[in-house]
Every structure is written in C-alpha cells, then in structure tokens.
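Below is final_22.tsv, holding TSV, C-alpha atoms.
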chain	number	residue	atom	x	y	z
A	290	MET	CA	-24.72	6.61	-28.99
A	291	THR	CA	-22.83	7.48	-25.80
A	292	ALA	CA	-22.80	4.76	-23.14
A	293	ALA	CA	-24.33	5.64	-19.79
A	294	PRO	CA	-21.80	6.35	-17.03
A	295	ARG	CA	-20.97	3.39	-14.87
A	296	ARG	CA	-22.32	3.49	-11.34
A	297	VAL	CA	-20.43	2.66	-8.16
A	298	ARG	CA	-21.49	2.40	-4.53
A	299	VAL	CA	-18.92	2.40	-1.73
A	300	VAL	CA	-19.39	0.51	1.52
A	301	GLY	CA	-17.14	2.16	4.07
A	302	PRO	CA	-16.81	5.96	3.72
A	303	GLY	CA	-13.34	6.16	5.24
A	304	ARG	CA	-10.11	7.46	3.72
A	305	ALA	CA	-9.75	4.72	1.10
A	306	GLY	CA	-13.43	4.63	0.18
A	307	ARG	CA	-13.73	8.38	-0.24
A	308	SER	CA	-10.44	8.58	-2.13
A	309	LEU	CA	-11.63	6.02	-4.68
A	310	ALA	CA	-15.11	7.55	-4.92
A	311	GLY	CA	-13.66	10.97	-5.61
A	312	ALA	CA	-11.25	9.63	-8.21
A	313	LEU	CA	-13.92	7.65	-10.05
A	314	THR	CA	-16.42	10.50	-10.15
A	315	SER	CA	-13.72	12.79	-11.52
A	316	VAL	CA	-13.29	10.46	-14.53
A	317	GLY	CA	-16.98	10.11	-15.28
A	318	TRP	CA	-18.34	7.41	-13.00
A	319	THR	CA	-21.55	8.09	-11.09
A	320	LEU	CA	-21.40	7.68	-7.33
A	321	ALA	CA	-24.60	6.04	-6.10
A	322	GLY	CA	-23.72	6.88	-2.52
A	323	PHE	CA	-21.93	5.55	0.52
A	324	VAL	CA	-23.03	2.86	2.94
A	325	GLY	CA	-21.82	3.65	6.44
A	326	ARG	CA	-21.44	1.67	9.64
A	327	ASP	CA	-25.00	2.36	10.77
A	328	ASP	CA	-26.60	1.66	7.38
A	329	ASP	CA	-28.10	-1.62	6.18
A	330	PRO	CA	-25.89	-2.82	3.30
A	331	ALA	CA	-28.36	-5.41	1.98
A	332	ALA	CA	-29.28	-3.41	-1.13
A	333	ALA	CA	-25.79	-2.07	-1.78
A	334	ALA	CA	-25.44	-4.04	-5.03
A	335	SER	CA	-28.77	-2.91	-6.44
A	336	GLY	CA	-28.71	-0.59	-9.44
A	337	VAL	CA	-24.93	-0.27	-9.76
A	338	ASP	CA	-22.16	-1.80	-11.82
A	339	LEU	CA	-19.68	-2.00	-8.96
A	340	VAL	CA	-19.83	-2.20	-5.17
A	341	VAL	CA	-16.54	-1.46	-3.44
A	342	ILE	CA	-16.13	-2.74	0.12
A	343	ALA	CA	-13.69	-0.31	1.70
A	344	THR	CA	-14.06	-1.41	5.31
A	345	PRO	CA	-11.25	-2.70	7.56
A	346	ASP	CA	-10.02	-6.10	6.37
A	347	ALA	CA	-11.46	-7.96	9.35
A	348	SER	CA	-14.99	-6.80	8.43
A	349	ILE	CA	-14.97	-7.55	4.70
A	350	ALA	CA	-16.34	-11.10	4.82
A	351	GLU	CA	-19.16	-10.13	7.17
A	352	VAL	CA	-20.07	-7.08	5.10
A	353	ALA	CA	-19.99	-9.05	1.84
A	354	ALA	CA	-22.24	-11.72	3.30
A	355	SER	CA	-24.78	-9.08	4.30
A	356	ILE	CA	-25.09	-7.70	0.75
A	357	ASP	CA	-27.79	-9.30	-1.38
A	358	PRO	CA	-26.18	-10.79	-4.52
A	359	GLU	CA	-26.99	-9.23	-7.90
A	360	PRO	CA	-26.12	-11.20	-11.06
A	361	ALA	CA	-24.75	-8.20	-12.98
A	362	THR	CA	-22.98	-6.36	-10.17
A	363	VAL	CA	-19.30	-6.78	-9.34
A	364	VAL	CA	-18.51	-6.82	-5.63
A	365	ALA	CA	-14.89	-5.85	-4.98
A	366	HIS	CA	-12.71	-5.24	-1.95
A	367	LEU	CA	-9.65	-3.03	-1.52
A	368	ALA	CA	-7.68	-5.36	0.77
A	369	GLY	CA	-4.15	-6.20	-0.31
A	370	SER	CA	-3.68	-9.32	1.80
A	371	LEU	CA	-7.05	-11.01	1.21
A	372	GLY	CA	-8.18	-13.22	-1.63
A	373	LEU	CA	-11.58	-13.46	-3.24
A	374	ASP	CA	-12.91	-16.13	-0.90
A	375	VAL	CA	-14.11	-13.42	1.51
A	376	LEU	CA	-16.61	-12.39	-1.18
A	377	ALA	CA	-18.11	-15.87	-1.53
A	378	GLY	CA	-21.76	-15.94	-2.54
A	379	HIS	CA	-21.57	-13.17	-5.11
A	380	PRO	CA	-21.52	-14.16	-8.80
A	381	ARG	CA	-19.02	-11.49	-9.85
A	382	VAL	CA	-16.16	-10.67	-7.47
A	383	ALA	CA	-12.87	-8.81	-7.67
A	384	GLY	CA	-9.94	-7.43	-5.73
A	385	LEU	CA	-8.69	-3.89	-6.34
A	386	HIS	CA	-5.78	-2.84	-4.14
A	387	PRO	CA	-4.20	0.56	-4.83
A	388	LEU	CA	-0.46	0.38	-4.19
A	389	VAL	CA	-0.24	3.91	-2.81
A	390	PRO	CA	-0.80	5.56	0.59
A	391	LEU	CA	-4.22	7.20	0.98
A	392	PRO	CA	-3.76	9.42	4.06
A	393	ASP	CA	-6.88	11.53	3.41
A	394	PRO	CA	-9.54	11.75	0.67
A	395	GLU	CA	-8.00	14.76	-1.08
A	396	ARG	CA	-4.47	13.38	-1.35
A	397	GLY	CA	-5.82	9.91	-1.97
A	398	GLU	CA	-7.94	11.04	-4.91
A	399	ALA	CA	-5.01	12.90	-6.46
A	400	ARG	CA	-2.71	9.90	-6.08
A	401	LEU	CA	-5.26	7.51	-7.57
A	402	LEU	CA	-5.37	9.73	-10.65
A	403	ALA	CA	-1.57	9.98	-10.97
A	404	GLY	CA	-0.89	6.70	-12.77
A	405	THR	CA	-0.60	4.55	-9.67
A	406	TRP	CA	-0.24	0.76	-9.63
A	407	PHE	CA	-3.07	-1.55	-8.58
A	408	ALA	CA	-3.03	-5.22	-7.65
A	409	VAL	CA	-6.11	-6.72	-9.27
A	410	ALA	CA	-7.86	-10.06	-9.20
A	411	GLY	CA	-11.11	-11.52	-10.41
A	412	ASP	CA	-13.69	-9.86	-12.63
A	413	PRO	CA	-12.20	-7.89	-15.56
A	414	LEU	CA	-14.33	-4.85	-14.70
A	415	VAL	CA	-11.51	-3.82	-12.35
A	416	HIS	CA	-9.23	-3.50	-15.40
A	417	ASP	CA	-11.66	-0.92	-16.72
A	418	VAL	CA	-11.56	0.86	-13.36
A	419	VAL	CA	-7.78	1.11	-13.50
A	420	ARG	CA	-7.82	2.18	-17.15
A	421	ASP	CA	-10.37	4.91	-16.41
A	422	LEU	CA	-8.15	6.18	-13.59
A	423	GLY	CA	-5.12	6.23	-15.87
A	424	GLY	CA	-3.37	3.65	-13.72
A	425	ARG	CA	-1.41	0.44	-14.19
A	426	TRP	CA	-2.17	-3.02	-12.88
A	427	PHE	CA	-0.68	-6.42	-12.18
A	428	GLU	CA	-2.34	-9.62	-11.01
A	429	VAL	CA	-1.44	-11.42	-7.78
A	430	ALA	CA	-2.29	-15.09	-7.26
A	431	GLU	CA	-4.49	-15.93	-4.28
A	432	ARG	CA	-1.66	-17.82	-2.54
A	433	ASP	CA	0.66	-14.82	-2.89
A	434	ARG	CA	-1.60	-12.07	-1.57
A	435	ALA	CA	-0.18	-12.02	1.97
A	436	ALA	CA	3.43	-11.91	0.71
A	437	TYR	CA	2.52	-9.17	-1.76
A	438	HIS	CA	0.95	-7.10	1.00
A	439	ALA	CA	3.90	-7.72	3.32
A	440	ALA	CA	6.18	-6.20	0.68
A	441	ALA	CA	3.80	-3.25	0.42
A	442	ALA	CA	3.94	-2.72	4.18
A	443	VAL	CA	7.74	-2.77	4.10
A	444	ALA	CA	7.85	-0.33	1.17
A	445	SER	CA	5.45	2.14	2.77
A	446	ASN	CA	4.78	1.65	6.48
A	447	HIS	CA	8.25	0.41	7.42
A	448	LEU	CA	9.87	3.14	5.36
A	449	VAL	CA	7.87	5.73	7.30
A	450	ALA	CA	8.89	4.07	10.58
A	451	LEU	CA	12.53	4.16	9.44
A	452	LEU	CA	12.29	7.88	8.66
A	453	GLY	CA	10.73	8.32	12.09
A	454	GLN	CA	13.98	6.95	13.51
A	455	VAL	CA	15.91	9.44	11.37
A	456	GLU	CA	13.75	12.25	12.83
A	457	ARG	CA	14.46	11.16	16.40
A	458	ILE	CA	18.22	10.91	15.88
A	459	ALA	CA	18.39	14.20	13.96
A	460	LYS	CA	16.41	16.14	16.53
A	461	GLY	CA	18.65	14.81	19.28
A	462	ILE	CA	21.70	16.46	17.67
A	463	GLY	CA	20.00	19.63	16.45
A	464	VAL	CA	19.96	18.78	12.73
A	465	PRO	CA	16.73	19.55	10.81
A	466	PRO	CA	15.13	16.19	9.88
A	467	ALA	CA	14.25	17.64	6.47
A	468	ALA	CA	17.95	17.76	5.67
A	469	TYR	CA	17.89	13.97	5.36
A	470	LEU	CA	14.92	13.78	2.99
A	471	ASP	CA	16.94	14.66	-0.12
A	472	LEU	CA	19.37	11.91	0.84
A	473	ALA	CA	16.51	9.42	1.16
A	474	GLN	CA	15.00	10.53	-2.15
A	475	ALA	CA	18.36	10.17	-3.92
A	476	ALA	CA	18.68	6.64	-2.56
A	477	LEU	CA	15.19	5.78	-3.83
A	478	ASP	CA	16.05	7.24	-7.22
A	479	ASP	CA	19.18	5.04	-7.31
A	480	VAL	CA	17.15	1.95	-6.46
A	481	ALA	CA	14.72	2.79	-9.28
A	482	ALA	CA	17.58	3.25	-11.75
A	483	ARG	CA	19.96	0.49	-10.69
A	484	GLY	CA	18.24	-1.93	-8.31
A	485	ALA	CA	18.74	-2.21	-4.55
A	486	ALA	CA	22.06	-4.06	-4.50
A	487	ALA	CA	23.79	-1.66	-6.90
A	488	ALA	CA	22.31	1.37	-5.11
A	489	LEU	CA	23.70	0.44	-1.69
A	490	THR	CA	26.46	2.72	-0.39
A	491	GLY	CA	27.87	3.45	3.05
A	492	PRO	CA	29.84	1.57	5.70
A	493	VAL	CA	28.04	-1.77	5.46
A	494	ALA	CA	28.54	-1.87	1.69
A	495	ARG	CA	32.28	-1.25	2.29
A	496	GLY	CA	32.55	-3.68	5.19
A	497	ASP	CA	33.61	-0.79	7.42
A	498	TRP	CA	32.67	-2.28	10.78
A	499	ASP	CA	34.61	0.29	12.80
A	500	THR	CA	32.24	3.00	11.51
A	501	VAL	CA	29.22	0.80	12.18
A	502	ALA	CA	30.47	0.30	15.75
A	503	ARG	CA	30.84	4.06	16.21
A	504	HIS	CA	27.28	4.54	14.96
A	505	LEU	CA	25.92	2.05	17.44
A	506	ALA	CA	27.90	3.51	20.32
A	507	ALA	CA	26.57	6.99	19.52
A	508	LEU	CA	22.94	5.96	19.33
A	509	ASP	CA	20.50	5.84	22.20
A	510	PRO	CA	20.18	2.18	23.24
A	511	SER	CA	16.51	2.23	22.21
A	512	GLU	CA	17.57	2.86	18.59
A	513	ARG	CA	20.23	0.16	18.31
A	514	ASP	CA	18.10	-2.90	17.58
A	515	ALA	CA	16.53	-1.25	14.54
A	516	TYR	CA	19.94	-0.10	13.29
A	517	ARG	CA	21.42	-3.61	13.72
A	518	ALA	CA	18.48	-5.25	11.94
A	519	LEU	CA	18.71	-2.91	8.98
A	520	ALA	CA	22.50	-3.16	8.83
A	521	ALA	CA	22.10	-6.94	8.64
A	522	ALA	CA	19.53	-6.51	5.86
A	523	ALA	CA	21.95	-4.22	4.02
A	524	ARG	CA	24.68	-6.84	4.42
A	525	ARG	CA	22.49	-9.38	2.62
A	526	LEU	CA	22.57	-7.15	-0.45
A	527	VAL	CA	26.36	-7.32	-0.47
A	528	ASN	CA	26.97	-10.93	0.48
A	529	SER	CA	24.24	-13.12	1.90
A	530	THR	CA	26.76	-15.62	3.36
A	531	THR	CA	28.21	-13.26	5.98
A	532	THR	CA	26.70	-11.65	9.06
A	533	LEU	CA	27.48	-8.64	11.20
A	534	PRO	CA	30.50	-9.04	13.48
A	535	PRO	CA	29.43	-10.31	16.92
A	536	ASN	CA	31.42	-7.73	18.89
A	537	LEU	CA	29.48	-4.64	17.80
A	538	PRO	CA	27.98	-2.53	20.63
Show this structure as structure tokens.
Amino acid sequence: MTAAPRRVRVVGPGRAGRSLAGALTSVGWTLAGFVGRDDDPAAAASGVDLVVIATPDASIAEVAASIDPEPATVVAHLAGSLGLDVLAGHPRVAGLHPLVPLPDPERGEARLLAGTWFAVAGDPLVHDVVRDLGGRWFEVAERDRAAYHAAAAVASNHLVALLGQVERIAKGIGVPPAAYLDLAQAALDDVAARGAAAALTGPVARGDWDTVARHLAALDPSERDAYRALAAAARRLVNSTTTLPPNLP
C-alpha cells in the first residue's frame, strides 16, 4: 500500500518559502498552501505534517506563538542563526537551514534539488525532508548557531561584496569584470581540493610587500580598507604571528 504524500504548509511566501515549497512539491509532497502577512496563522499546523516558518528571523518567535499547537505536526523554521527556543510551545520543532542562496523561487527550487547542504536540528522529520530533496545535512548545536551562520554570511554575502569590489576596480580601468570570474572560480576549486592555506597564492603569500604597496597606492582610497583587511586575513593563512607592515599606503 502506497503511503499518502506528506503535506506541508508554508508561513511566509517569500523567496525562501516559495523555493522550498516548489522543491518539495516537485518530489511528491503536497502543498497545503501559503500563509501570508495578512492571513491568520492560527490554524497553520492543522491537517499537515510540517509547517515551515519562512518569515524574517525577527518575526519567527511571534509567528510561532500565534500558531495553535498540533501534537503530530512539526513546526520548523529556516533561520540559520536561531535555535529551537523561538518555537517554544509546540510539541515537535525543528530547524531546517538551506546552505545555499535563494535569490528567487525558480533558482531557489533548482538549487534545493541539486544536492545542497542543510543545517538541521530537532525533529527527525527534517532528515526526511532533506533525503526527499536529494540533499545532505549536518547538525549544529544550539550554542553554535550564530557562529555557523556567521560563516555562511562570509562564504556567501561577503564573497558577493568582495566581487562587487572587483567589479568597481575593473570597470575603473576598462577591464570586463567577467574576466575575473574564472580566476575566482579557479581559486574556489583550489580551496575545495587543497584547503584555504594551500590554495593561497599572490603577493601576500610570498611576502611581497612592495607589490601590496603598489596595489594600495593604485586603488581609490575608498577601496583600501577592504583590501588591507583581506590582505591581513590572507596573511593569517601564511603565518598567524605576523602582521602587515605598518608603512603601507
């Protein structure tokens, strides 16, 4: 006898919520609908196996408290930096954070079905969610959630901000910014294959401070602080006991 499809309801029909809803329905889950900002979420846990709260982090506790508890329903959030305490009052709770950018529902759905990693916590139903999506998971302790999410922000948001700096510098000298993307991808491939310290190349890795000084002198002053900070971070990979020379521009 074939088991009935599991049912999910999503509170918060934004990019993340719609991405997950689309991905789950594509692998056989039944979407029981969305609960939007102007809807009453009290009955969101009724008649479903899983309620996903996909609202902004600051609203999760308030939204969870407004949902009537159901003994058999798992209430989960998608926040990377929050623990399960924000879901207090529900008998079955979980955390399900996809470690992948979800810029729009279409790309988000595709990425969630491409074997992505998830940080999970709480009720084991979320393991089934990840398995159904063809993904991979790891567990993060409550005390480590903020540090985990900080690393995620560095890996994704800060990387994008860094490439934004590359775009600004490149455009200022008439070089197509896309010309640097293969370089960035090769560096990421090297990190994946060898680890960050072994993948580091360039003037900081060689201790070539004359070249670093020329870089800083050539940059617009508004770009220098970011360059210095990242050069110092690169230096830590080589030798954490030394710092950048104090006489750099």
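Between CA of Val340 (chain A) and CA of Arg326 (chain A) there is a distance of 15.4 Å.
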### Atom pair CA of His379 (chain A) / CA of Pro360 (chain A): separation (Å)
7.7 Å
#### Entry: Polymer residues at most 10 Å from (-12.6, -3.9, -10.0) by all atoms listed in the file, as a count of residues only
28
### Query
What is the CA of Val480 (chain A) to CA of Gly397 (chain A) distance in Å?
24.7 Å
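At a cut-off of 6 Å from (-9.7, 7.1, 2.7), the residue set is Gly303, Arg304, Ala305, Gly306, Arg307, Ser308, Leu391, Asp393 and Pro394 of chain A (counting only C-alpha atoms).
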### Message
Show me, as a PyMOL selection string, the residues that have an atom within 12 Å of Ala435 (chain A) when counting all atoms listed in the file, minus same-chain residues fewer than 6 positions from it.
### Response
chain A and resi 368-372+429+441-442
### Task
Please provide the set of residues having any atom within 12 Å of region 454-464 of chain A, restricted to all atoms listed in the file, with same-chain residues fewer than 5 positions apart removed, written as a PyMOL selection string.
chain A and resi 447-449+469-470+472-473+504-505+507-516+519
### Task
Name all residues at most 12 Å from Ser335 (chain A) (count only C-alpha atoms; drop same-chain ones fewer than 3 positions away) and give them as a VMD selection string.
chain A and resid 296 to 298 321 to 322 330 to 332 338 to 340 356 to 364
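Counting all atoms listed in the file, Ala486 (chain A) has the following residues at most 10 Å away, ignoring those fewer than 5 positions along the same chain: Asp479, Val480, Ala494, Ala523, Arg524, Arg525, Leu526, Val527 and Asn528 of chain A.
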